[in-house]
Amino acid sequence: QVQLVESGGGLVQAGGSLRLSCEASGRTLRSYVTGWFRQAPGKERDFVAAINWNDNTYYADSVKGRFTVSRDNAKNTVYLQMNSLKPEDTAVYYCAAVPRSDYVYYSGTYYYKDSYDYWGQGTQVTVSS
């Protein structure tokens, strides 16, 4: 079991930056795929970014070049650095994780939310125009 806790959300003006954190306990994220998803009111939960056990990173087209996902193994934390924020980035952001073993065994797909076993509670990001 792994527990995930997101933090770092808030209110920011368009063009600003925020850094979200996803701190894990119970297991090391070093051997997991960790993803970020977001959900705006009335919309589906969409993929944003992910990082795997080899530090390979993946991004949705809508955030490529603006967001950066990274991992600090010493702190067992995955970050989402968000720059050049736009009003359409407003959403609740969720951190999710799946162990490498499950990901490989079940042929997981990093952008598919059902590939992930564990989820945090979410953190609100609001970008004002």
# chains A, B, ... in the order shown; residues from 1 in each chain; ligands from 1

$ select_by_dssp --residues "chain A" --states "strand (DSSP E or B)" --output "VMD selection string"
chain A and resid 3 to 7 10 to 13 18 to 25 32 to 39 45 to 51 57 to 59 67 to 72 77 to 82 91 to 99 118 to 119 123 to 128

$ residues_around --residues "range 12-28 of chain A" --least-positions-apart "6" --cutoff "8 Å" --atoms "only C-alpha atoms" --output "list in words"
Gln1, Val2, Gln3, Leu4, Val5, Glu6, Asn73, Lys75, Asn76, Thr77, Val78, Tyr79, Leu80, Gln81, Met82, Asn83, Ser84, Leu85, Lys86, Pro87, Cys95, Gly120, Val125, Thr126, Val127, Ser128 and Ser129 of chain A

$ closest_residue --among "A:Ile51, A:Ala60, A:Val69, A:Leu11" --to "Ser31 in chain A" --atoms "only C-alpha atoms"
A:Ile51

$ closest_atom_pairs --of "range 50-91 of chain A" --to "range 101-112 of chain A" --cutoff "10 Å" --atoms "only C-alpha atoms" --output "CSV"
residue,atom,partner,partner_atom,distance
A:Ala50,CA,A:Tyr110,CA,6.6
A:Ile51,CA,A:Tyr110,CA,8.5
A:Asn52,CA,A:Tyr110,CA,8.7
A:Thr57,CA,A:Tyr110,CA,9.7
A:Tyr58,CA,A:Tyr110,CA,7.9
A:Tyr59,CA,A:Tyr111,CA,8.6
A:Ala60,CA,A:Tyr111,CA,8.2

$ select_by_dssp --residues "range 17-113 of chain A" --states "alpha helix (DSSP H)" --output "list in words"
Arg100, Ser101, Asp102, Tyr103, Val104 and Tyr105 of chain A

$ write_last_selection --atoms "C-alpha atoms" --output "compact mmCIF listing (two decimals), in the first residue's frame"
# COMPACT_ATOMS: atom_id res chain seq x y z
CA ARG A 100 6.03 -1.18 -11.93
CA SER A 101 5.09 -4.84 -11.47
CA ASP A 102 1.37 -4.15 -11.90
CA TYR A 103 1.94 -1.66 -14.69
CA VAL A 104 3.93 -4.16 -16.72
CA TYR A 105 1.81 -7.21 -15.86

$ residues_around --residues "Pro41 in chain A" --least-positions-apart "5" --cutoff "10 Å" --atoms "only C-alpha atoms" --output "PyMOL selection string"
chain A and resi 90-92

$ closest_residue --among "A:Asp61, A:Arg30, A:Gly122, A:Lys113" --to "Glu44 in chain A" --atoms "only C-alpha atoms"
A:Lys113

$ atom_distance --atom1 "CA of Gly35 in chain A" --atom2 "CA of Tyr118 in chain A"
10.1 Å

$ closest_residue --among "A:Ser7, A:Gln121, A:Ser62, A:Ser115" --to "Tyr32 in chain A" --atoms "only C-alpha atoms"
A:Ser115

$ atom_distance --atom1 "CA of Asn56 in chain A" --atom2 "CA of Ala40 in chain A"
26.6 Å

$ residues_around --residues "Asp46 in chain A" --least-positions-apart "3" --cutoff "7 Å" --atoms "only C-alpha atoms" --output "mmCIF file with all heavy atoms, in the first residue's frame"
data_model
loop_
_atom_site.group_PDB
_atom_site.id
_atom_site.type_symbol
_atom_site.label_atom_id
_atom_site.label_comp_id
_atom_site.auth_asym_id
_atom_site.auth_seq_id
_atom_site.Cartn_x
_atom_site.Cartn_y
_atom_site.Cartn_z
ATOM 1 N N PHE A 37 -3.171 13.874 -12.878
ATOM 2 C CA PHE A 37 -4.405 14.034 -13.632
ATOM 3 C C PHE A 37 -5.115 15.274 -13.106
ATOM 4 O O PHE A 37 -4.829 15.758 -12.005
ATOM 5 C CB PHE A 37 -5.307 12.805 -13.447
ATOM 6 C CG PHE A 37 -4.794 11.569 -14.135
ATOM 7 C CD1 PHE A 37 -3.743 10.846 -13.604
ATOM 8 C CD2 PHE A 37 -5.362 11.134 -15.320
ATOM 9 C CE1 PHE A 37 -3.256 9.708 -14.245
ATOM 10 C CE2 PHE A 37 -4.890 10.005 -15.969
ATOM 11 C CZ PHE A 37 -3.838 9.296 -15.429
ATOM 12 N N ARG A 38 -6.048 15.778 -13.882
ATOM 13 C CA ARG A 38 -6.823 16.918 -13.411
ATOM 14 C C ARG A 38 -8.273 16.771 -13.842
ATOM 15 O O ARG A 38 -8.573 16.154 -14.851
ATOM 16 C CB ARG A 38 -6.235 18.226 -13.925
ATOM 17 C CG ARG A 38 -6.292 18.421 -15.421
ATOM 18 C CD ARG A 38 -5.533 19.681 -15.813
ATOM 19 N NE ARG A 38 -5.556 19.925 -17.260
ATOM 20 C CZ ARG A 38 -4.873 20.887 -17.861
ATOM 21 N NH1 ARG A 38 -4.106 21.690 -17.148
ATOM 22 N NH2 ARG A 38 -4.965 21.047 -19.166
ATOM 23 N N GLN A 39 -9.132 17.370 -13.029
ATOM 24 C CA GLN A 39 -10.558 17.296 -13.318
ATOM 25 C C GLN A 39 -11.196 18.646 -13.052
ATOM 26 O O GLN A 39 -11.179 19.145 -11.928
ATOM 27 C CB GLN A 39 -11.216 16.224 -12.440
ATOM 28 C CG GLN A 39 -12.652 15.936 -12.799
ATOM 29 C CD GLN A 39 -13.163 14.668 -12.141
ATOM 30 O OE1 GLN A 39 -12.594 14.166 -11.168
ATOM 31 N NE2 GLN A 39 -14.243 14.116 -12.673
#

$ atom_distance --atom1 "CA of Trp53 in chain A" --atom2 "CA of Thr34 in chain A"
8.7 Å
